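Text of the file protein-v9.txt, holding compact mmCIF, C-alpha atoms and all ligand atoms:
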```txt
# COMPACT_ATOMS: atom_id res chain seq x y z
CA MET A 1 16.49 12.63 -36.43
CA ASN A 2 16.09 16.26 -37.38
CA GLU A 3 18.51 19.10 -36.73
CA LYS A 4 16.87 20.25 -33.48
CA ASN A 5 17.13 16.87 -31.82
CA LYS A 6 20.91 16.75 -32.03
CA TYR A 7 21.04 18.74 -28.83
CA LYS A 8 20.91 16.13 -26.12
CA ILE A 9 20.55 16.86 -22.45
CA ASP A 10 22.49 14.49 -20.21
CA GLU A 11 21.86 13.44 -16.63
CA ASN A 12 24.74 15.45 -15.21
CA THR A 13 23.42 18.66 -16.72
CA VAL A 14 20.06 17.98 -15.13
CA ARG A 15 21.64 17.18 -11.79
CA GLU A 16 23.70 20.39 -11.94
CA LYS A 17 20.58 22.40 -12.69
CA LEU A 18 18.70 20.75 -9.83
CA GLN A 19 21.36 22.18 -7.50
CA GLU A 20 19.51 25.47 -8.06
CA VAL A 21 16.24 24.10 -6.69
CA MET A 22 16.30 24.83 -2.98
CA ASP A 23 14.38 23.63 0.01
CA PRO A 24 12.15 26.69 0.62
CA GLU A 25 12.68 26.33 4.37
CA ILE A 26 16.48 26.01 4.20
CA PRO A 27 17.54 28.17 1.24
CA LYS A 28 21.14 26.88 1.13
CA LEU A 29 20.05 23.27 0.77
CA SER A 30 19.25 21.97 -2.72
CA VAL A 31 16.85 19.14 -3.47
CA VAL A 32 19.82 17.08 -4.69
CA ASP A 33 21.71 17.52 -1.43
CA LEU A 34 18.55 16.94 0.58
CA GLY A 35 18.49 13.53 -1.09
CA VAL A 36 14.92 13.65 -2.37
CA ILE A 37 15.73 13.20 -6.07
CA THR A 38 15.53 9.46 -6.63
CA GLY A 39 15.38 9.25 -10.42
CA ILE A 40 16.34 11.23 -13.52
CA GLN A 41 15.27 10.01 -16.94
CA ILE A 42 15.77 11.75 -20.25
CA ASP A 43 14.34 10.42 -23.49
CA ASP A 44 15.46 11.07 -27.07
CA GLU A 45 13.18 14.08 -27.33
CA ASN A 46 14.83 15.64 -24.27
CA ASN A 47 11.72 15.10 -22.20
CA VAL A 48 12.84 14.86 -18.61
CA SER A 49 11.11 12.89 -15.89
CA ILE A 50 12.21 13.37 -12.34
CA THR A 51 11.25 11.12 -9.49
CA MET A 52 11.13 12.70 -6.07
CA THR A 53 10.41 11.22 -2.64
CA PRO A 54 9.05 13.41 0.18
CA THR A 55 11.08 13.90 3.35
CA PHE A 56 7.82 13.64 5.32
CA ALA A 57 4.48 12.48 3.95
CA GLY A 58 2.75 15.75 4.74
CA CYS A 59 5.62 18.06 3.81
CA PRO A 60 4.09 21.29 2.46
CA ALA A 61 7.33 22.17 0.62
CA VAL A 62 6.89 19.33 -1.90
CA GLU A 63 4.52 21.28 -4.16
CA TYR A 64 6.87 24.24 -4.19
CA MET A 65 9.90 22.11 -5.04
CA LYS A 66 7.96 20.28 -7.73
CA ASN A 67 7.01 23.52 -9.47
CA ASP A 68 10.49 24.93 -9.08
CA ILE A 69 12.03 21.82 -10.66
CA VAL A 70 9.80 22.21 -13.73
CA GLU A 71 10.68 25.89 -13.99
CA LYS A 72 14.45 25.47 -13.59
CA LEU A 73 14.70 22.48 -15.93
CA SER A 74 12.65 24.16 -18.60
CA ALA A 75 15.48 26.66 -18.87
CA LEU A 76 17.64 23.81 -20.22
CA LYS A 77 15.55 23.79 -23.39
CA ALA A 78 14.20 20.47 -22.24
CA GLY A 79 11.05 19.04 -23.77
CA VAL A 80 8.29 18.20 -21.35
CA VAL A 81 9.46 18.15 -17.73
CA LYS A 82 7.54 15.83 -15.43
CA VAL A 83 7.97 15.37 -11.71
CA ASP A 84 6.54 12.24 -10.16
CA VAL A 85 6.36 12.21 -6.37
CA ASN A 86 6.19 8.71 -4.97
CA TYR A 87 7.45 6.43 -2.20
CA ASP A 88 9.21 3.82 -4.34
CA VAL A 89 12.39 4.88 -2.57
CA GLN A 90 11.68 5.98 0.99
CA TRP A 91 13.63 9.02 2.12
CA ASN A 92 15.67 8.92 5.29
CA SER A 93 18.06 11.47 6.76
CA ASN A 94 21.10 9.34 5.83
CA MET A 95 20.34 10.32 2.24
CA ILE A 96 21.38 13.94 2.83
CA THR A 97 24.72 14.38 1.02
CA ASP A 98 27.94 15.48 2.76
CA ARG A 99 27.57 18.82 1.06
CA GLY A 100 23.97 18.96 2.27
CA ARG A 101 25.14 18.33 5.83
CA GLU A 102 27.66 21.16 5.43
CA MET A 103 24.86 23.47 4.25
CA LEU A 104 22.63 22.49 7.17
CA LYS A 105 25.42 23.33 9.57
CA GLU A 106 26.02 26.67 7.87
CA SER A 107 22.31 27.38 8.21
CA GLY A 108 22.53 26.92 11.97
CA PHE A 109 21.04 23.44 12.28
CA ALA A 110 22.34 20.57 14.34
CA LEU A 111 22.84 17.53 12.13
CA PRO A 112 20.80 14.33 12.19
CA GLY A 113 22.92 11.47 13.54
CA LYS A 114 23.58 8.71 11.02
CA HIS A 115 21.70 5.52 11.81
CA ASN A 116 21.20 2.00 10.52
CA GLY A 117 17.51 2.41 9.76
CA LEU A 118 16.29 2.46 13.35
CA VAL A 119 16.11 5.80 15.09
CA GLN A 120 16.48 5.41 18.84
CA ILE A 121 15.90 8.12 21.42
CA GLU A 122 19.67 8.15 22.14
CA LEU A 123 20.18 9.68 18.72
CA LEU A 124 18.28 12.73 19.93
CA GLN A 125 20.17 13.15 23.16
CA ASN A 126 23.35 15.18 23.72
CA VAL A 127 23.18 16.50 20.20
CA GLU A 128 26.08 18.80 19.35
CA CYS A 129 25.17 22.50 19.60
CA PRO A 130 25.60 24.15 16.18
CA PHE A 131 26.67 27.43 17.83
CA CYS A 132 29.34 26.39 20.34
CA GLY A 133 29.92 22.70 19.66
CA SER A 134 29.05 21.65 23.20
CA LYS A 135 27.31 18.33 23.79
CA GLN A 136 25.86 19.49 27.10
CA THR A 137 22.45 19.83 25.51
CA ASP A 138 18.89 18.75 26.30
CA LEU A 139 16.18 17.61 23.94
CA ARG A 140 13.24 20.00 24.42
CA SER A 141 10.78 18.69 21.87
CA THR A 142 10.88 16.15 19.08
CA PHE A 143 8.51 18.41 17.15
CA GLY A 144 9.75 21.79 15.94
CA PRO A 145 8.28 24.49 13.73
CA THR A 146 8.33 22.13 10.74
CA GLN A 147 7.92 18.36 10.62
CA CYS A 148 11.62 17.78 9.98
CA ARG A 149 12.99 19.67 12.99
CA ALA A 150 13.45 18.97 16.69
CA ILE A 151 14.19 21.58 19.36
CA HIS A 152 17.13 21.37 21.77
CA TYR A 153 18.67 23.62 24.40
CA CYS A 154 22.38 24.17 24.92
CA ASN A 155 23.44 24.34 28.57
CA ASN A 156 26.80 25.82 27.61
CA CYS A 157 25.83 28.82 25.48
CA LEU A 158 22.29 28.94 26.87
CA GLN A 159 20.43 29.09 23.59
CA SER A 160 17.86 26.87 21.97
CA PHE A 161 18.68 25.43 18.61
CA GLU A 162 16.98 23.31 16.00
CA GLN A 163 18.09 19.95 14.74
CA PHE A 164 17.28 18.40 11.40
CA LYS A 165 15.67 15.23 12.75
CA PRO A 166 17.11 11.79 12.17
CA VAL A 167 14.48 9.77 10.34
CA MET B 1 5.00 -9.39 -4.31
CA ASN B 2 1.81 -7.94 -5.73
CA GLY B 3 1.30 -4.76 -7.67
CA ILE B 4 -2.07 -3.11 -8.21
CA ASN B 5 -2.78 -5.17 -11.30
CA ASP B 6 -1.94 -8.58 -9.86
CA PHE B 7 -5.07 -8.83 -7.72
CA THR B 8 -8.26 -10.77 -8.28
CA GLU B 9 -11.51 -8.90 -7.77
CA ILE B 10 -11.96 -10.01 -4.16
CA GLN B 11 -8.35 -9.19 -3.33
CA THR B 12 -8.75 -5.71 -4.79
CA GLU B 13 -11.92 -5.23 -2.79
CA ALA B 14 -10.20 -6.37 0.40
CA ALA B 15 -7.18 -4.13 -0.15
CA LYS B 16 -9.36 -1.10 -0.91
CA ASN B 17 -11.44 -1.70 2.20
CA LEU B 18 -8.28 -1.78 4.30
CA LEU B 19 -6.95 1.39 2.65
CA TYR B 20 -10.18 3.27 3.26
CA ARG B 21 -10.10 2.39 6.96
CA LEU B 22 -6.51 3.52 7.29
CA ALA B 23 -6.93 6.69 5.26
CA ASP B 24 -10.15 7.77 6.96
CA ASP B 25 -8.64 7.28 10.42
CA GLN B 26 -5.71 9.49 9.41
CA LEU B 27 -7.91 12.16 7.86
CA ILE B 28 -10.29 12.45 10.80
CA LEU B 29 -7.71 12.30 13.56
CA GLY B 30 -5.49 14.68 11.59
CA HIS B 31 -8.32 17.19 11.57
CA ARG B 32 -9.07 16.64 15.24
CA ASN B 33 -5.43 17.08 16.22
CA SER B 34 -5.19 20.27 14.20
CA GLU B 35 -7.90 21.68 16.49
CA CYS B 36 -5.70 21.16 19.54
CA THR B 37 -4.20 24.67 19.56
CA GLY B 38 -4.09 26.14 23.05
CA LEU B 39 -4.86 22.82 24.69
CA GLY B 40 -1.47 21.65 25.90
CA PRO B 41 0.21 22.46 29.21
CA ILE B 42 3.11 24.12 27.36
CA LEU B 43 3.47 25.83 24.01
CA GLU B 44 5.67 23.02 22.64
CA GLU B 45 2.72 20.68 23.00
CA ASP B 46 0.62 22.78 20.63
CA ILE B 47 3.43 22.67 18.11
CA ALA B 48 3.77 18.89 18.57
CA PHE B 49 0.07 18.25 18.02
CA SER B 50 -0.03 20.45 14.95
CA SER B 51 3.06 18.76 13.54
CA MET B 52 1.56 15.31 14.15
CA ALA B 53 -1.68 16.49 12.56
CA GLN B 54 0.29 17.45 9.48
CA ASP B 55 1.84 13.96 9.39
CA LYS B 56 -1.59 12.37 9.64
CA LEU B 57 -3.07 14.47 6.85
CA GLY B 58 -0.02 13.63 4.74
CA HIS B 59 -0.55 9.94 5.46
CA SER B 60 -4.21 10.16 4.51
CA GLN B 61 -3.31 11.84 1.24
CA ALA B 62 -0.75 9.16 0.34
CA LEU B 63 -3.31 6.43 1.08
CA TYR B 64 -6.07 8.16 -0.91
CA GLN B 65 -3.57 8.56 -3.75
CA LEU B 66 -2.96 4.81 -3.69
CA LEU B 67 -6.72 4.23 -3.78
CA HIS B 68 -6.87 6.58 -6.76
CA ASN B 69 -4.14 4.57 -8.47
CA MET B 70 -6.39 1.54 -7.93
CA GLY B 71 -9.23 3.16 -9.81
CA GLU B 72 -11.03 5.18 -7.11
CA LYS B 73 -11.76 8.90 -7.55
CA ASP B 74 -9.06 11.51 -6.99
CA PRO B 75 -7.80 12.05 -3.42
CA ASP B 76 -9.67 15.29 -2.69
CA THR B 77 -12.94 13.94 -4.02
CA ILE B 78 -12.64 10.80 -1.92
CA ALA B 79 -11.65 12.74 1.16
CA PHE B 80 -14.32 15.39 1.06
CA THR B 81 -17.33 14.37 -0.97
CA ARG B 82 -18.46 11.02 0.41
CA LYS B 83 -21.54 10.52 2.53
CA VAL B 84 -20.95 10.07 6.25
CA ASN B 85 -21.87 6.37 6.16
CA GLU B 86 -19.25 5.79 3.47
CA TYR B 87 -16.44 6.70 5.85
CA LYS B 88 -14.74 3.75 7.51
CA CYS B 89 -12.97 5.43 10.41
CA CYS B 90 -13.21 4.05 13.95
CA HIS B 91 -15.12 5.88 16.69
CA LEU B 92 -11.98 6.75 18.65
CA VAL B 93 -10.84 9.30 16.07
CA GLU B 94 -14.26 10.93 15.77
CA TYR B 95 -14.62 12.29 19.30
CA PRO B 96 -14.04 16.02 19.86
CA ILE B 97 -10.65 16.97 21.30
CA GLY B 98 -11.97 17.42 24.84
CA GLU B 99 -9.37 18.23 27.46
CA TYR B 100 -5.65 17.77 26.89
CA ASP B 101 -5.52 14.46 28.77
CA PHE B 102 -8.21 12.99 26.50
CA SER B 103 -6.43 14.06 23.32
CA LEU B 104 -3.14 12.80 24.69
CA MET B 105 -4.54 9.40 25.69
CA ARG B 106 -6.22 9.03 22.32
CA HIS B 107 -2.97 9.96 20.59
CA PHE B 108 -1.09 7.37 22.66
CA LEU B 109 -3.55 4.49 22.14
CA PHE B 110 -4.06 5.24 18.46
CA ASP B 111 -0.48 5.93 17.43
CA MET B 112 0.81 2.84 19.25
CA SER B 113 -1.56 0.83 17.06
CA GLU B 114 -0.45 2.73 13.96
CA ALA B 115 3.22 2.14 14.67
CA ILE B 116 2.63 -1.61 14.96
CA ARG B 117 0.23 -1.67 12.03
CA PHE B 118 2.58 0.05 9.61
CA ASN B 119 5.47 -2.00 10.88
CA MET B 120 3.46 -5.12 9.99
CA LEU B 121 2.39 -3.61 6.67
CA SER B 122 5.96 -2.82 5.69
CA SER B 123 6.28 -6.51 4.81
CA SER B 124 2.89 -6.69 3.08
CA SER B 125 2.72 -8.67 -0.16
CA PHE B 126 0.98 -5.63 -1.61
CA GLU B 127 4.11 -3.75 -2.60
CA PRO B 128 2.68 -0.22 -3.09
CA LEU B 129 1.25 -0.36 0.43
CA ALA B 130 4.46 -1.85 1.86
CA LYS B 131 6.44 1.09 0.46
CA ILE B 132 4.16 3.66 2.05
CA ALA B 133 4.23 1.73 5.33
CA ARG B 134 8.04 1.75 5.41
CA LYS B 135 7.89 5.52 5.10
CA PHE B 136 5.18 6.04 7.73
CA LYS B 137 6.76 3.90 10.39
CA GLY B 138 9.78 6.20 10.63
CA GLU B 139 7.51 9.17 11.21
CA LEU B 140 5.35 7.29 13.70
CA LYS B 141 8.40 6.53 15.79
CA TYR B 142 8.36 10.19 16.80
CA HIS B 143 4.67 10.08 17.61
CA THR B 144 4.98 7.13 19.96
CA MET B 145 8.12 8.53 21.58
CA HIS B 146 6.20 11.72 22.25
CA ALA B 147 3.10 9.94 23.54
CA VAL B 148 4.97 7.62 25.90
CA THR B 149 6.91 10.52 27.43
CA TRP B 150 3.76 12.47 28.22
CA ILE B 151 1.70 9.52 29.45
CA ASN B 152 4.49 8.87 31.88
CA GLN B 153 4.72 12.49 32.90
CA LEU B 154 1.00 12.89 33.58
CA GLY B 155 0.56 9.44 35.13
CA THR B 156 3.35 9.96 37.64
CA GLY B 157 2.74 13.68 38.11
CA SER B 158 1.45 15.36 41.24
CA GLY B 159 -1.97 16.84 41.91
CA GLU B 160 -4.94 15.96 39.77
CA SER B 161 -3.13 14.78 36.67
CA PRO B 162 -2.85 11.01 37.44
CA PHE B 163 -6.55 10.94 38.30
CA ARG B 164 -7.50 12.74 35.11
CA ILE B 165 -5.33 10.65 32.83
CA GLN B 166 -6.80 7.49 34.41
CA LYS B 167 -10.27 8.81 33.63
CA SER B 168 -9.23 9.41 30.02
CA LEU B 169 -7.89 5.88 29.79
CA ASP B 170 -11.20 4.48 31.05
CA VAL B 171 -13.09 6.52 28.44
CA CYS B 172 -10.69 5.84 25.57
CA PHE B 173 -10.06 2.13 26.10
CA PRO B 174 -13.34 0.75 24.68
CA LEU B 175 -13.10 3.25 21.84
CA ALA B 176 -9.55 2.14 21.13
CA LEU B 177 -10.62 -1.50 20.94
CA GLY B 178 -12.86 -0.34 18.08
CA ILE B 179 -9.71 0.30 16.02
CA PHE B 180 -9.48 -3.47 15.63
CA GLU B 181 -13.02 -4.15 14.44
CA PRO B 182 -12.58 -7.00 11.97
CA SER B 183 -13.89 -6.70 8.43
CA LYS B 184 -15.42 -9.39 6.26
CA TYR B 185 -12.14 -9.43 4.34
CA GLU B 186 -9.89 -10.58 7.21
CA GLU B 187 -9.39 -14.05 5.75
CA THR B 188 -8.48 -12.75 2.33
CA LEU B 189 -6.11 -10.16 3.76
CA ILE B 190 -4.40 -12.76 5.92
CA SER B 191 -4.19 -15.59 3.39
CA GLU B 192 -2.87 -13.24 0.71
CA LYS B 193 -0.37 -11.80 3.20
CA ILE B 194 -1.66 -8.30 2.52
CA PHE B 195 -2.16 -7.73 6.25
CA PHE B 196 -1.77 -9.96 9.31
CA GLY B 197 -5.26 -9.08 10.47
CA GLU B 198 -6.92 -6.93 13.12
CA LYS B 199 -6.88 -9.68 15.74
CA ALA B 200 -3.13 -10.14 15.52
CA LEU B 201 -2.70 -6.39 15.62
CA GLN B 202 -4.83 -6.03 18.75
CA GLU B 203 -2.76 -8.65 20.54
CA LYS B 204 0.49 -6.93 19.69
CA TRP B 205 -1.01 -3.59 20.64
CA LEU B 206 -2.03 -4.83 24.09
CA GLU B 207 1.47 -6.19 24.61
CA ALA B 208 2.85 -2.76 23.79
CA VAL B 209 0.48 -0.40 25.61
CA ILE B 210 -0.08 -2.28 28.87
CA PRO B 211 3.52 -2.02 30.15
CA VAL B 212 3.64 1.71 29.38
CA LEU B 213 0.34 2.35 31.15
CA LYS B 214 1.35 0.25 34.17
CA ASN B 215 4.68 1.98 34.31
CA ALA B 216 2.84 5.30 34.47
CA GLY B 217 0.91 3.97 37.47
CA LEU B 218 -2.39 3.53 35.64
CA VAL B 219 -4.94 0.77 36.17
CA ILE B 220 -5.68 -1.24 33.03
CA PRO B 221 -9.41 -1.63 32.36
CA ASP B 222 -10.58 -5.24 32.54
CA ILE B 223 -10.65 -6.14 28.88
CA GLU B 224 -13.13 -9.00 29.46
CA ASN B 225 -15.69 -6.54 30.76
CA VAL B 226 -15.24 -3.82 28.21
CA THR B 227 -17.44 -3.57 25.13
CA ALA B 228 -15.41 -2.55 22.10
CA ALA B 229 -16.86 0.40 20.20
CA TYR B 230 -17.54 -1.30 16.87
CA GLY B 231 -19.48 0.04 13.93
CA GLY B 232 -17.21 2.68 12.45
CA ARG B 233 -15.61 0.30 9.98
CA GLU B 234 -19.09 -0.51 8.63
CA GLY B 235 -20.13 3.11 8.29
CA ILE B 236 -22.04 3.41 11.57
CA HIS B 237 -20.59 6.44 13.31
CA THR B 238 -20.90 8.57 16.42
CA GLU B 239 -22.85 11.82 16.36
CA TYR B 240 -19.53 13.68 16.23
CA LEU B 241 -18.46 12.65 12.74
CA LYS B 242 -21.07 14.40 10.62
CA PRO B 243 -20.45 17.96 11.88
CA LEU B 244 -16.71 17.47 11.33
CA ILE B 245 -17.18 16.19 7.79
CA ASP B 246 -19.64 19.00 7.02
CA GLU B 247 -17.04 21.49 8.17
CA MET B 248 -14.25 19.87 6.14
CA THR B 249 -16.46 19.71 3.06
CA GLU B 250 -17.45 23.34 3.49
CA VAL B 251 -13.80 24.42 3.48
CA TYR B 252 -13.15 22.17 0.48
CA LYS B 253 -16.05 23.66 -1.51
CA ILE B 254 -15.04 27.24 -0.77
CA ASP B 255 -11.45 26.66 -1.71
CA THR B 256 -11.24 23.69 -4.05
CA GLY B 257 -7.67 22.68 -4.56
CA ALA B 258 -6.62 24.19 -1.26
CA GLU B 259 -3.58 22.81 0.49
CA TRP B 260 -4.49 20.34 3.18
ZN ZN C 1 25.91 25.96 22.53
```
Reformat the file's structure so that it appears as structure tokens.
Amino acid sequence: MNEKNKYKIDENTVREKLQEVMDPEIPKLSVVDLGVITGIQIDDENNVSITMTPTFAGCPAVEYMKNDIVEKLSALKAGVVKVDVNYDVQWNSNMITDRGREMLKESGFALPGKHNGLVQIELLQNVECPFCGSKQTDLRSTFGPTQCRAIHYCNNCLQSFEQFKPV
Amino acid sequence: MNGINDFTEIQTEAAKNLLYRLADDQLILGHRNSECTGLGPILEEDIAFSSMAQDKLGHSQALYQLLHNMGEKDPDTIAFTRKVNEYKCCHLVEYPIGEYDFSLMRHFLFDMSEAIRFNMLSSSSFEPLAKIARKFKGELKYHTMHAVTWINQLGTGSGESPFRIQKSLDVCFPLALGIFEPSKYEETLISEKIFFGEKALQEKWLEAVIPVLKNAGLVIPDIENVTAAYGGREGIHTEYLKPLIDEMTEVYKIDTGAEW
């Protein structure tokens, strides 16, 4: 082992750094808190390989996040940074961390209800309004401006709001 | 459990054939649905169709990627540079968008089959496909929820809408039966537990769609007297496929590497 290789990146450092890679559509939410990082491997040469799973198969943000991961991790003086996107672990909305849920709320989104793997229509009804907290709300459309959002209407504060969909 | 490298030659051939059918269906219907702007009765419907189109194109890309991992060309090349008779999509997905009630009925009949298909495939012995299927079925849940709501709404609505949606059902039904055109690999797929087979899928599909259609007040076409629109799976297509592929290829050539 030569002098240079004594510097060793550990998984926590990588994870910390990944907190700076944000979902381009929800700038407060990092890829870690979104739950899409499913593997971090670092070899002796400090080459880092990240495994990522898409929230939705056709999610256009994946390419952006992939590039951003490479850019941010390169700043750690890592060797080669590789991001492999695959479905070995399948993302679901239960994988969003508690901190991620907090960030979603702060960003004005209603939260996806936790589920046991099966999303039923009930999970999309009477969703709590992120503005006033009322549950007197109606589901307007299960498809919002992006694949991961549904649209609801609050009968108490009379505004529409978006929900991060339970999947 | 089987990975890509555990297959014999005939098993690989069978799995690839299945993947091409699935991927081509997704690609073509994804493109059709993305044309649906301005078609729906309310703005939210345009957004829904474009969101579902995005899902479908994403599904096609994941399936082409798996084919690529099995030794086929890269996803874009497979998607956009084959000859028309090399596509294995069914006729149902090829038809132009028509009126809203046609696109809606097609979406209902097709996505109900997809939801069941990927549910079945999530326990496939072919592990890479099973993993993708587990992902897709969660997304398809939203598609079928959407479709059932609107079929019900139009079928039980006032004015012309029940009549029109019935007409769309009569047109779409034989086309939809073409989804289940068996391939020469059925036996291999079934005995290797890669897929339960088109026949089993069609039965489950009928069990699922008939109650919804009846509930919406629609008359189910007499399946004994309907000729299923076969041919697509063997590369024999309707006149509508070629212009669509030409258009897709054109866009691909102009902007190679474009996001799709
Ligand atoms: Zn409110």
note - CA of Met145 in chain B and CA of Pro145 in chain A are separated by 17.8 Å
Which residues form the shell of 12 Å around ligand ZN 1 (chain C) when you count all atoms listed in the file, given as a ChimeraX atom specification? /A:108-110,126-138,152-162
Per residue of range 23-43 of chain A within 8 Å of range 62-70 of chain A, which atom pair is closest and at what distance in Å (one decimal), using only C-alpha atoms, listed by chain and increasing number, as a tab-separated table?
```
residue	atom	partner	partner_atom	distance
A:Asp23	CA	A:Met65	CA	6.9
A:Pro24	CA	A:Tyr64	CA	7.6
A:Val31	CA	A:Met65	CA	7.7
```
Report as CSV: every residue of chain A with an atom at most 7 Å from chain B, its closest pair of atoms, and their distance in Å to one decimal, counting all atoms listed in the file, with rows sorted by chain and ascending residue number.
```
residue,atom,partner,partner_atom,distance
A:Ala57,CA,B:Gly58,CA,4.7
A:Gly58,CA,B:Gly58,CA,3.5
A:Tyr87,CA,B:Ile132,CA,6.0
A:Asp88,CA,B:Lys131,CA,6.2
A:Gln90,CA,B:Lys135,CA,5.6
A:Ser141,CA,B:Glu44,CA,6.7
A:Thr142,CA,B:Tyr142,CA,6.9
A:Phe143,CA,B:Ala48,CA,5.0
A:Gly144,CA,B:Ile47,CA,6.7
A:Pro145,CA,B:Ile47,CA,6.8
A:Thr146,CA,B:Ser51,CA,6.9
A:Gln147,CA,B:Ser51,CA,5.7
A:Val167,CA,B:Gly138,CA,5.9
```
Go ahead and save the residues from that selection, with C-alpha atoms, as a short mmCIF file (atom, residue, chain, number, x, y, z; two decimals), in the frame of the given file.
```
data_model
loop_
_atom_site.label_atom_id
_atom_site.label_comp_id
_atom_site.auth_asym_id
_atom_site.auth_seq_id
_atom_site.Cartn_x
_atom_site.Cartn_y
_atom_site.Cartn_z
CA ALA A 57 4.48 12.48 3.95
CA GLY A 58 2.75 15.75 4.74
CA TYR A 87 7.45 6.43 -2.20
CA ASP A 88 9.21 3.82 -4.34
CA GLN A 90 11.68 5.98 0.99
CA SER A 141 10.78 18.69 21.87
CA THR A 142 10.88 16.15 19.08
CA PHE A 143 8.51 18.41 17.15
CA GLY A 144 9.75 21.79 15.94
CA PRO A 145 8.28 24.49 13.73
CA THR A 146 8.33 22.13 10.74
CA GLN A 147 7.92 18.36 10.62
CA VAL A 167 14.48 9.77 10.34
#
```
Within 12 Å of (2.7, 13.2, 34.3) in the file's own coordinates, which protein, DNA or RNA residues have an atom, counting only C-alpha atoms? List them as a compact mmCIF listing (two decimals) with C-alpha atoms, in the coordinates of the input.
```txt
# COMPACT_ATOMS: atom_id res chain seq x y z
CA PRO B 41 0.21 22.46 29.21
CA ASP B 101 -5.52 14.46 28.77
CA LEU B 104 -3.14 12.80 24.69
CA MET B 105 -4.54 9.40 25.69
CA ALA B 147 3.10 9.94 23.54
CA VAL B 148 4.97 7.62 25.90
CA THR B 149 6.91 10.52 27.43
CA TRP B 150 3.76 12.47 28.22
CA ILE B 151 1.70 9.52 29.45
CA ASN B 152 4.49 8.87 31.88
CA GLN B 153 4.72 12.49 32.90
CA LEU B 154 1.00 12.89 33.58
CA GLY B 155 0.56 9.44 35.13
CA THR B 156 3.35 9.96 37.64
CA GLY B 157 2.74 13.68 38.11
CA SER B 158 1.45 15.36 41.24
CA GLY B 159 -1.97 16.84 41.91
CA GLU B 160 -4.94 15.96 39.77
CA SER B 161 -3.13 14.78 36.67
CA PRO B 162 -2.85 11.01 37.44
CA PHE B 163 -6.55 10.94 38.30
CA ARG B 164 -7.50 12.74 35.11
CA ILE B 165 -5.33 10.65 32.83
CA GLN B 166 -6.80 7.49 34.41
CA LEU B 213 0.34 2.35 31.15
CA ASN B 215 4.68 1.98 34.31
CA ALA B 216 2.84 5.30 34.47
CA GLY B 217 0.91 3.97 37.47
CA LEU B 218 -2.39 3.53 35.64
```
List the neighbours of Glu198 in chain B out to 9 Å using only C-alpha atoms; skip same-chain residues closer than 4 positions along the sequence, and give me the result as a ChimeraX atom specification. /B:117,179-183,186,202-203
Extract, using only C-alpha atoms, all DNA, RNA and protein residues at most 9 Å from Thr55 in chain A, discarding same-chain residues fewer than 5 positions from it, and format them as a PyMOL selection string. chain A and resi 34-36+62+90-93+148+167
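In this structure, CA of Ile50 in chain A sits 23.9 Å away from CA of Gly71 in chain B.
Across the structure, CA of Thr13 in chain A and CA of Thr38 in chain A are spaced 15.8 Å apart.
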Shortest interatomic distance to Pro75 in chain B - which of B:Asp24, B:Glu224, B:Glu35, B:Glu99, counting all atoms listed in the file: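 Nearest to Pro75 in chain B: B:Asp24.
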Could you name the residues that touch range 16-19 of chain A at 9 Å or less, counting only C-alpha atoms, but leaving out those on the same chain fewer than 3 positions away, as a PyMOL selection string? chain A and resi 11-13+22+29-33+37+69+72-73+76
Around (-4.2, 12.6, -8.1), as given in the file, which residues come within 12 Å? Count all atoms listed in the file and list them as a ChimeraX atom specification. /A:84-86 /B:61-79,257
Residues near Leu201 in chain B, cut-off 9 Å, all atoms listed in the file, skip fewer than 3 positions along chain, as a PyMOL selection string: chain B and resi 113+116-117+120+180+196-198+204-206
Store the residues of this selection in a file with C-alpha atoms, as a PDB file, keeping the file's coordinate frame.
```
ATOM      1  CA  SER B 113      -1.560   0.830  17.060  1.00  0.00           C
ATOM      2  CA  ILE B 116       2.630  -1.610  14.960  1.00  0.00           C
ATOM      3  CA  ARG B 117       0.230  -1.670  12.030  1.00  0.00           C
ATOM      4  CA  MET B 120       3.460  -5.120   9.990  1.00  0.00           C
ATOM      5  CA  PHE B 180      -9.480  -3.470  15.630  1.00  0.00           C
ATOM      6  CA  PHE B 196      -1.770  -9.960   9.310  1.00  0.00           C
ATOM      7  CA  GLY B 197      -5.260  -9.080  10.470  1.00  0.00           C
ATOM      8  CA  GLU B 198      -6.920  -6.930  13.120  1.00  0.00           C
ATOM      9  CA  LYS B 204       0.490  -6.930  19.690  1.00  0.00           C
ATOM     10  CA  TRP B 205      -1.010  -3.590  20.640  1.00  0.00           C
ATOM     11  CA  LEU B 206      -2.030  -4.830  24.090  1.00  0.00           C
TER      12      LEU B 206
END
```
